[in-house]
>>> print(open('coords_14.tsv').read())   # TSV, C-alpha atoms and all ligand atoms
chain	number	residue	atom	x	y	z
D	120	MET	CA	93.96	-25.53	355.35
D	121	ARG	CA	94.71	-27.80	358.27
D	122	PHE	CA	93.00	-27.74	361.67
D	123	ASP	CA	94.25	-29.69	364.68
D	124	ILE	CA	91.72	-29.76	367.49
D	125	LEU	CA	92.84	-30.69	371.00
D	126	THR	CA	89.97	-31.84	373.19
D	127	LEU	CA	89.01	-34.27	375.92
D	128	PHE	CA	85.81	-35.00	373.99
D	129	PRO	CA	86.64	-35.71	370.33
D	130	ASP	CA	83.31	-37.48	369.82
D	131	ILE	CA	81.51	-34.14	370.15
D	132	PHE	CA	82.95	-33.24	366.73
D	133	SER	CA	82.09	-36.35	364.73
D	134	GLY	CA	78.56	-35.42	363.69
D	135	TYR	CA	79.61	-31.93	362.70
D	136	LEU	CA	82.70	-33.07	360.80
D	137	SER	CA	80.78	-35.59	358.74
D	138	GLN	CA	78.15	-33.03	357.79
D	139	SER	CA	77.74	-31.72	354.25
D	140	LEU	CA	79.82	-28.61	353.60
D	141	LEU	CA	82.74	-29.61	355.78
D	142	LYS	CA	82.57	-33.21	354.60
D	143	LYS	CA	82.77	-32.06	350.97
D	144	ALA	CA	85.62	-29.67	351.73
D	145	GLN	CA	87.56	-32.51	353.35
D	146	ASP	CA	86.79	-34.97	350.55
D	147	ARG	CA	88.06	-32.42	348.04
D	148	GLY	CA	91.27	-31.93	350.02
D	149	LEU	CA	90.60	-28.23	350.75
D	150	VAL	CA	90.34	-28.69	354.51
D	151	GLN	CA	91.84	-31.27	356.84
D	152	VAL	CA	90.67	-31.70	360.43
D	153	HIS	CA	92.62	-33.83	362.92
D	154	LEU	CA	91.32	-34.52	366.42
D	155	HIS	CA	93.63	-35.20	369.35
D	156	ASN	CA	92.62	-36.25	372.83
D	157	PHE	CA	95.10	-34.66	375.21
D	158	ARG	CA	94.22	-37.25	377.82
D	159	HIS	CA	96.65	-39.47	375.88
D	160	TRP	CA	99.41	-37.02	376.81
D	161	SER	CA	98.82	-37.49	380.53
D	162	TRP	CA	101.61	-39.42	382.19
D	163	ASP	CA	100.05	-40.52	385.41
D	164	ARG	CA	98.57	-43.93	386.09
D	165	ASP	CA	94.93	-42.91	385.90
D	166	ARG	CA	95.52	-40.43	383.03
D	167	ARG	CA	94.27	-37.43	384.94
D	168	VAL	CA	94.28	-34.21	383.02
D	169	ASP	CA	92.79	-32.02	385.74
D	170	ASP	CA	93.53	-31.37	389.37
D	171	ARG	CA	92.41	-29.22	392.30
D	172	PRO	CA	93.44	-25.57	392.23
D	173	TYR	CA	96.33	-24.47	394.45
D	174	GLY	CA	94.97	-22.06	397.05
D	175	GLY	CA	91.62	-23.84	397.13
D	176	GLY	CA	88.32	-22.98	395.55
D	177	PRO	CA	85.69	-24.79	393.54
D	178	GLY	CA	86.21	-26.81	390.39
D	179	MET	CA	89.20	-28.36	388.72
D	180	VAL	CA	92.03	-26.92	386.66
D	181	LEU	CA	93.49	-28.45	383.48
D	182	ARG	CA	97.07	-29.47	384.13
D	183	VAL	CA	99.92	-27.88	382.25
D	184	GLU	CA	101.87	-30.99	381.12
D	185	PRO	CA	99.29	-32.81	378.96
D	186	VAL	CA	98.17	-29.63	377.23
D	187	VAL	CA	101.66	-28.29	376.48
D	188	GLU	CA	103.11	-31.64	375.44
D	189	CYS	CA	100.13	-32.47	373.25
D	190	VAL	CA	100.48	-29.12	371.43
D	191	GLU	CA	104.23	-29.72	370.96
D	192	ASP	CA	103.74	-33.22	369.56
D	193	VAL	CA	100.86	-32.11	367.34
D	194	GLN	CA	103.01	-29.24	365.98
D	195	ALA	CA	105.51	-31.87	364.85
D	196	MET	CA	102.85	-33.82	362.93
D	197	ALA	CA	102.92	-31.42	359.96
D	198	PRO	CA	105.71	-29.35	358.45
D	199	GLU	CA	104.11	-25.90	358.64
D	200	PRO	CA	103.87	-24.46	362.16
D	201	GLY	CA	100.29	-24.11	363.43
D	202	HIS	CA	98.91	-20.90	364.91
D	203	VAL	CA	97.83	-21.88	368.43
D	204	VAL	CA	94.40	-20.72	369.61
D	205	LEU	CA	93.03	-21.27	373.10
D	206	LEU	CA	89.23	-21.27	373.29
D	207	THR	CA	88.32	-19.53	376.53
D	208	PRO	CA	85.67	-17.07	377.76
D	209	GLN	CA	88.59	-14.82	378.76
D	210	GLY	CA	89.70	-14.42	375.14
D	211	GLU	CA	89.28	-11.74	372.51
D	212	ARG	CA	85.75	-11.86	371.13
D	213	LEU	CA	85.35	-13.55	367.75
D	214	THR	CA	84.27	-11.19	364.94
D	215	GLN	CA	84.19	-11.59	361.17
D	216	GLU	CA	87.39	-9.54	361.04
D	217	LEU	CA	89.13	-12.01	363.35
D	218	VAL	CA	87.68	-14.91	361.32
D	219	GLU	CA	89.30	-13.38	358.22
D	220	GLN	CA	92.64	-13.16	359.99
D	221	LEU	CA	92.40	-16.80	361.08
D	222	ALA	CA	91.43	-17.87	357.55
D	223	SER	CA	94.66	-16.38	356.22
D	224	ARG	CA	96.64	-19.00	358.18
D	225	ARG	CA	97.53	-22.32	356.62
D	226	ARG	CA	97.25	-24.23	359.86
D	227	LEU	CA	95.36	-23.64	363.12
D	228	ILE	CA	95.72	-25.58	366.37
D	229	LEU	CA	92.57	-25.14	368.44
D	230	VAL	CA	92.85	-26.02	372.12
D	231	CYS	CA	89.52	-26.64	373.90
D	232	GLY	CA	89.28	-26.00	377.62
D	233	ARG	CA	87.01	-27.72	380.13
D	234	TYR	CA	86.48	-27.48	383.88
D	235	GLU	CA	87.41	-24.18	385.47
D	236	GLY	CA	90.18	-23.39	383.00
D	237	PHE	CA	93.84	-23.97	382.21
D	238	ASP	CA	96.83	-23.82	384.51
D	239	GLU	CA	98.20	-20.34	383.79
D	240	ARG	CA	101.54	-21.81	382.65
D	241	VAL	CA	99.79	-23.13	379.53
D	242	ARG	CA	99.54	-19.48	378.48
D	243	GLN	CA	103.05	-18.59	379.57
D	244	ILE	CA	104.58	-21.46	377.60
D	245	LEU	CA	102.42	-21.62	374.46
D	246	ARG	CA	101.67	-17.87	374.08
D	247	PRO	CA	98.42	-18.74	372.29
D	248	GLN	CA	95.91	-16.35	370.81
D	249	GLU	CA	92.91	-16.55	373.16
D	250	ILE	CA	89.45	-16.43	371.62
D	251	SER	CA	85.93	-16.30	373.09
D	252	ILE	CA	82.77	-16.60	370.99
D	253	GLY	CA	80.70	-14.23	373.14
D	254	ASP	CA	79.87	-12.97	376.59
D	255	TYR	CA	78.33	-16.09	378.10
D	256	VAL	CA	79.79	-19.22	379.61
D	257	LEU	CA	79.88	-22.59	377.86
D	258	ASN	CA	80.78	-25.87	379.51
D	259	GLY	CA	83.84	-26.14	377.33
D	260	GLY	CA	85.62	-24.85	374.27
D	261	GLU	CA	84.38	-27.58	371.91
D	262	VAL	CA	81.29	-25.78	370.64
D	263	ALA	CA	83.37	-22.61	370.29
D	264	ALA	CA	86.00	-24.52	368.27
D	265	MET	CA	83.25	-25.73	365.93
D	266	VAL	CA	82.08	-22.14	365.53
D	267	VAL	CA	85.62	-21.10	364.59
D	268	VAL	CA	86.02	-23.95	362.07
D	269	ASP	CA	82.58	-23.30	360.59
D	270	ALA	CA	83.19	-19.57	360.12
D	271	VAL	CA	86.77	-19.98	358.84
D	272	ILE	CA	86.15	-22.68	356.23
D	273	ARG	CA	83.53	-20.49	354.50
D	274	LEU	CA	86.45	-18.24	353.58
D	275	VAL	CA	88.75	-20.98	352.29
D	276	PRO	CA	88.82	-20.65	348.49
D	277	GLY	CA	86.74	-23.33	346.79
D	278	VAL	CA	84.76	-24.43	349.88
D	279	LEU	CA	81.62	-22.50	348.95
D	280	GLY	CA	80.33	-22.70	345.42
D	281	ASP	CA	80.63	-19.20	343.97
D	282	GLU	CA	76.86	-19.02	343.64
D	283	ASP	CA	76.82	-18.59	347.45
D	284	SER	CA	79.91	-16.43	347.81
D	285	SER	CA	80.83	-15.39	351.34
D	286	SER	CA	81.47	-11.80	350.16
D	287	GLN	CA	77.68	-11.24	350.29
D	288	ASP	CA	77.37	-12.35	353.92
D	289	SER	CA	76.35	-10.15	356.82
D	290	PHE	CA	79.42	-8.53	358.43
D	291	SER	CA	81.37	-8.92	355.19
D	292	GLY	CA	82.53	-6.25	352.79
D	293	PRO	CA	84.15	-2.97	353.81
D	294	GLN	CA	81.04	-1.68	355.62
D	295	ARG	CA	80.26	-4.83	357.62
D	296	LEU	CA	76.51	-4.33	357.51
D	297	LEU	CA	73.82	-6.91	358.21
D	298	GLU	CA	72.23	-8.48	355.16
D	299	GLY	CA	68.89	-7.08	354.08
D	300	PRO	CA	65.70	-8.99	353.19
D	301	GLN	CA	65.63	-11.72	350.54
D	302	TYR	CA	62.71	-13.18	348.62
D	303	THR	CA	62.00	-16.15	346.39
D	304	ARG	CA	58.85	-17.53	344.74
D	305	PRO	CA	55.90	-17.05	344.95
D	306	ARG	CA	55.55	-13.36	344.06
D	307	GLU	CA	52.65	-13.03	346.44
D	308	TYR	CA	51.76	-15.03	349.56
D	309	ARG	CA	48.88	-14.21	351.93
D	310	GLY	CA	48.76	-10.74	350.44
D	311	LEU	CA	52.49	-10.12	350.99
D	312	ARG	CA	54.16	-9.12	347.75
D	313	VAL	CA	57.78	-9.21	346.74
D	314	PRO	CA	59.10	-5.61	346.41
D	315	GLU	CA	58.60	-4.42	342.82
D	316	VAL	CA	62.23	-3.35	342.37
D	317	LEU	CA	63.44	-6.95	342.67
D	318	LEU	CA	61.25	-7.92	339.71
D	319	SER	CA	62.34	-4.92	337.64
D	320	GLY	CA	65.45	-6.40	336.09
D	321	ASP	CA	67.21	-3.06	336.73
D	322	HIS	CA	70.44	-4.29	338.30
D	323	GLU	CA	71.65	-0.87	339.41
D	324	ALA	CA	68.29	-0.11	341.09
D	325	ILE	CA	68.38	-3.53	342.78
D	326	ARG	CA	71.92	-2.96	344.05
D	327	ARG	CA	70.95	0.46	345.47
D	328	TRP	CA	67.80	-0.94	347.08
D	329	ARG	CA	69.73	-3.78	348.73
D	330	GLU	CA	72.36	-1.41	350.06
D	331	GLU	CA	69.70	0.86	351.53
D	332	GLN	CA	67.86	-2.07	353.10
D	333	ALA	CA	71.07	-3.40	354.62
D	334	ARG	CA	71.83	0.03	356.09
D	335	LYS	CA	68.30	0.42	357.50
D	336	ARG	CA	68.30	-3.01	359.04
D	337	THR	CA	71.72	-2.44	360.56
D	338	GLU	CA	70.67	0.96	361.94
D	339	LYS	CA	67.61	-0.57	363.58
D	340	ARG	CA	69.08	-3.78	364.93
D	341	ARG	CA	72.78	-3.12	365.37
D	342	PRO	CA	73.56	0.58	365.50
D	343	ASP	CA	76.82	-0.34	367.21
D	344	LEU	CA	78.07	-1.75	363.89
D	345	LEU	CA	77.53	1.60	362.15
D	346	ARG	CA	79.49	3.39	364.83
D	347	GLY	CA	82.35	1.05	364.11
D	348	VAL	CA	82.21	-0.26	367.65
D	349	ASP	CA	81.73	-3.97	368.02
D	350	ASN	CA	80.86	-3.96	371.69
D	351	PRO	CA	77.21	-2.86	372.13
D	352	ARG	CA	77.76	-1.99	375.79
D	353	GLU	CA	80.74	0.22	375.00
D	354	ALA	CA	78.68	1.89	372.28
D	355	GLU	CA	75.87	2.76	374.72
D	356	ALA	CA	78.22	4.12	377.35
C	1	LIG	CL1	85.73	-20.30	373.88
C	1	LIG	N1	84.74	-21.31	376.09
C	1	LIG	C1	83.87	-21.33	377.11
C	1	LIG	N2	83.98	-22.29	378.04
C	1	LIG	N3	82.87	-20.47	377.24
C	1	LIG	C2	82.78	-19.54	376.29
C	1	LIG	C3	83.66	-19.45	375.21
C	1	LIG	C4	84.65	-20.37	375.14
C	1	LIG	N4	83.29	-18.40	374.45
C	1	LIG	C5	82.22	-17.89	375.04
C	1	LIG	N5	81.90	-18.56	376.15
>>> encode(input="coords_14.tsv", output="structure tokens")
Amino acid sequence: MRFDILTLFPDIFSGYLSQSLLKKAQDRGLVQVHLHNFRHWSWDRDRRVDDRPYGGGPGMVLRVEPVVECVEDVQAMAPEPGHVVLLTPQGERLTQELVEQLASRRRLILVCGRYEGFDERVRQILRPQEISIGDYVLNGGEVAAMVVVDAVIRLVPGVLGDEDSSSQDSFSGPQRLLEGPQYTRPREYRGLRVPEVLLSGDHEAIRRWREEQARKRTEKRRPDLLRGVDNPREAEA
């Protein structure tokens, strides 16, 4: 799977990209990540990528030309067309279901915003999918793009060893429950014992216990998930 990330701050990604799981996935040729600084697609003398908003108001707006032309040139860098994603707080909220849809693509082009946002014509021309990682405001789309890459590569076949298969994760599986409690050695610590069933060797009993624990934990912490509603505020209303 190939990611192209368009950003004014490519250095933000270097530590993350060289880190273990993603590093291994890249070394093994399962994932490719290419960074592009769209400042290089700015024509003007001082390479400005932002400007003051028409109509006045605070902040700066990302200009249409460098963003659109960078996406067009980056599209031409690989044969398969990339699915264009704009990271913005105005986007559709990222869920595991959306992560699964993104992971089914062979190539994603992630466009990171900064400042007060993009010139609206970026949307009109590129028709991107717009994604937000939650209802709070970040200084830019870079951290959100890393969240997308991190969540998506877990689902790329071969990236995780099968001993830590993503099908066991919270939000995965048909029911999309939270994961229940886990234990490892020692059997007892400060008087707290590992539940007997986990030591029983009875795989069917263990499976049932885990399912029940997952359901209880989800009921207590995220009842909205059980109602099949992924917006907690909608669920309360
Ligand atoms: Cl994708 N960008 C920004 N700037 N803020 C956000 C976000 C994205 N998702 C949640 N908040």
>>> closest_residue(input="coords_14.tsv", among="D:Arg147, D:Arg171, D:Arg242, D:Arg273", to="Glu219 in chain D", atoms="only C-alpha atoms")
D:Arg273
>>> atom_distance(input="coords_14.tsv", atom1="CA of Cys189 in chain D", atom2="CA of Ser133 in chain D")
20.3 Å
>>> residues_near_ligand(input="coords_14.tsv", ligand="ligand LIG 1 (chain C)", cutoff="9 Å", atoms="only C-alpha atoms and all ligand atoms", output="ChimeraX atom specification")
/D:205-210,212-213,231-236,249-264
>>> residues_around(input="coords_14.tsv", residues="His153 in chain D", least_positions_apart="6", cutoff="10 Å", atoms="all atoms listed in the file", output="VMD selection string")
chain D and resid 121 to 125 129 193 228
>>> residues_around(input="coords_14.tsv", residues="Arg224 in chain D", least_positions_apart="6", cutoff="10 Å", atoms="all atoms listed in the file", output="ChimeraX atom specification")
/D:120-121,200-202,271
>>> write_last_selection(input="coords_14.tsv", atoms="C-alpha atoms", output="PDB file, in the frame of the given file")
ATOM      1  CA  MET D 120      93.960 -25.530 355.350  1.00  0.00           C
ATOM      2  CA  ARG D 121      94.710 -27.800 358.270  1.00  0.00           C
ATOM      3  CA  PRO D 200     103.870 -24.460 362.160  1.00  0.00           C
ATOM      4  CA  GLY D 201     100.290 -24.110 363.430  1.00  0.00           C
ATOM      5  CA  HIS D 202      98.910 -20.900 364.910  1.00  0.00           C
ATOM      6  CA  VAL D 271      86.770 -19.980 358.840  1.00  0.00           C
TER       7      VAL D 271
END
>>> residues_around(input="coords_14.tsv", residues="range 295-299 of chain D", least_positions_apart="4", cutoff="8 Å", atoms="all atoms listed in the file", output="PyMOL selection string")
chain D and resi 287-291+329-330+332-334+336-337+344-345
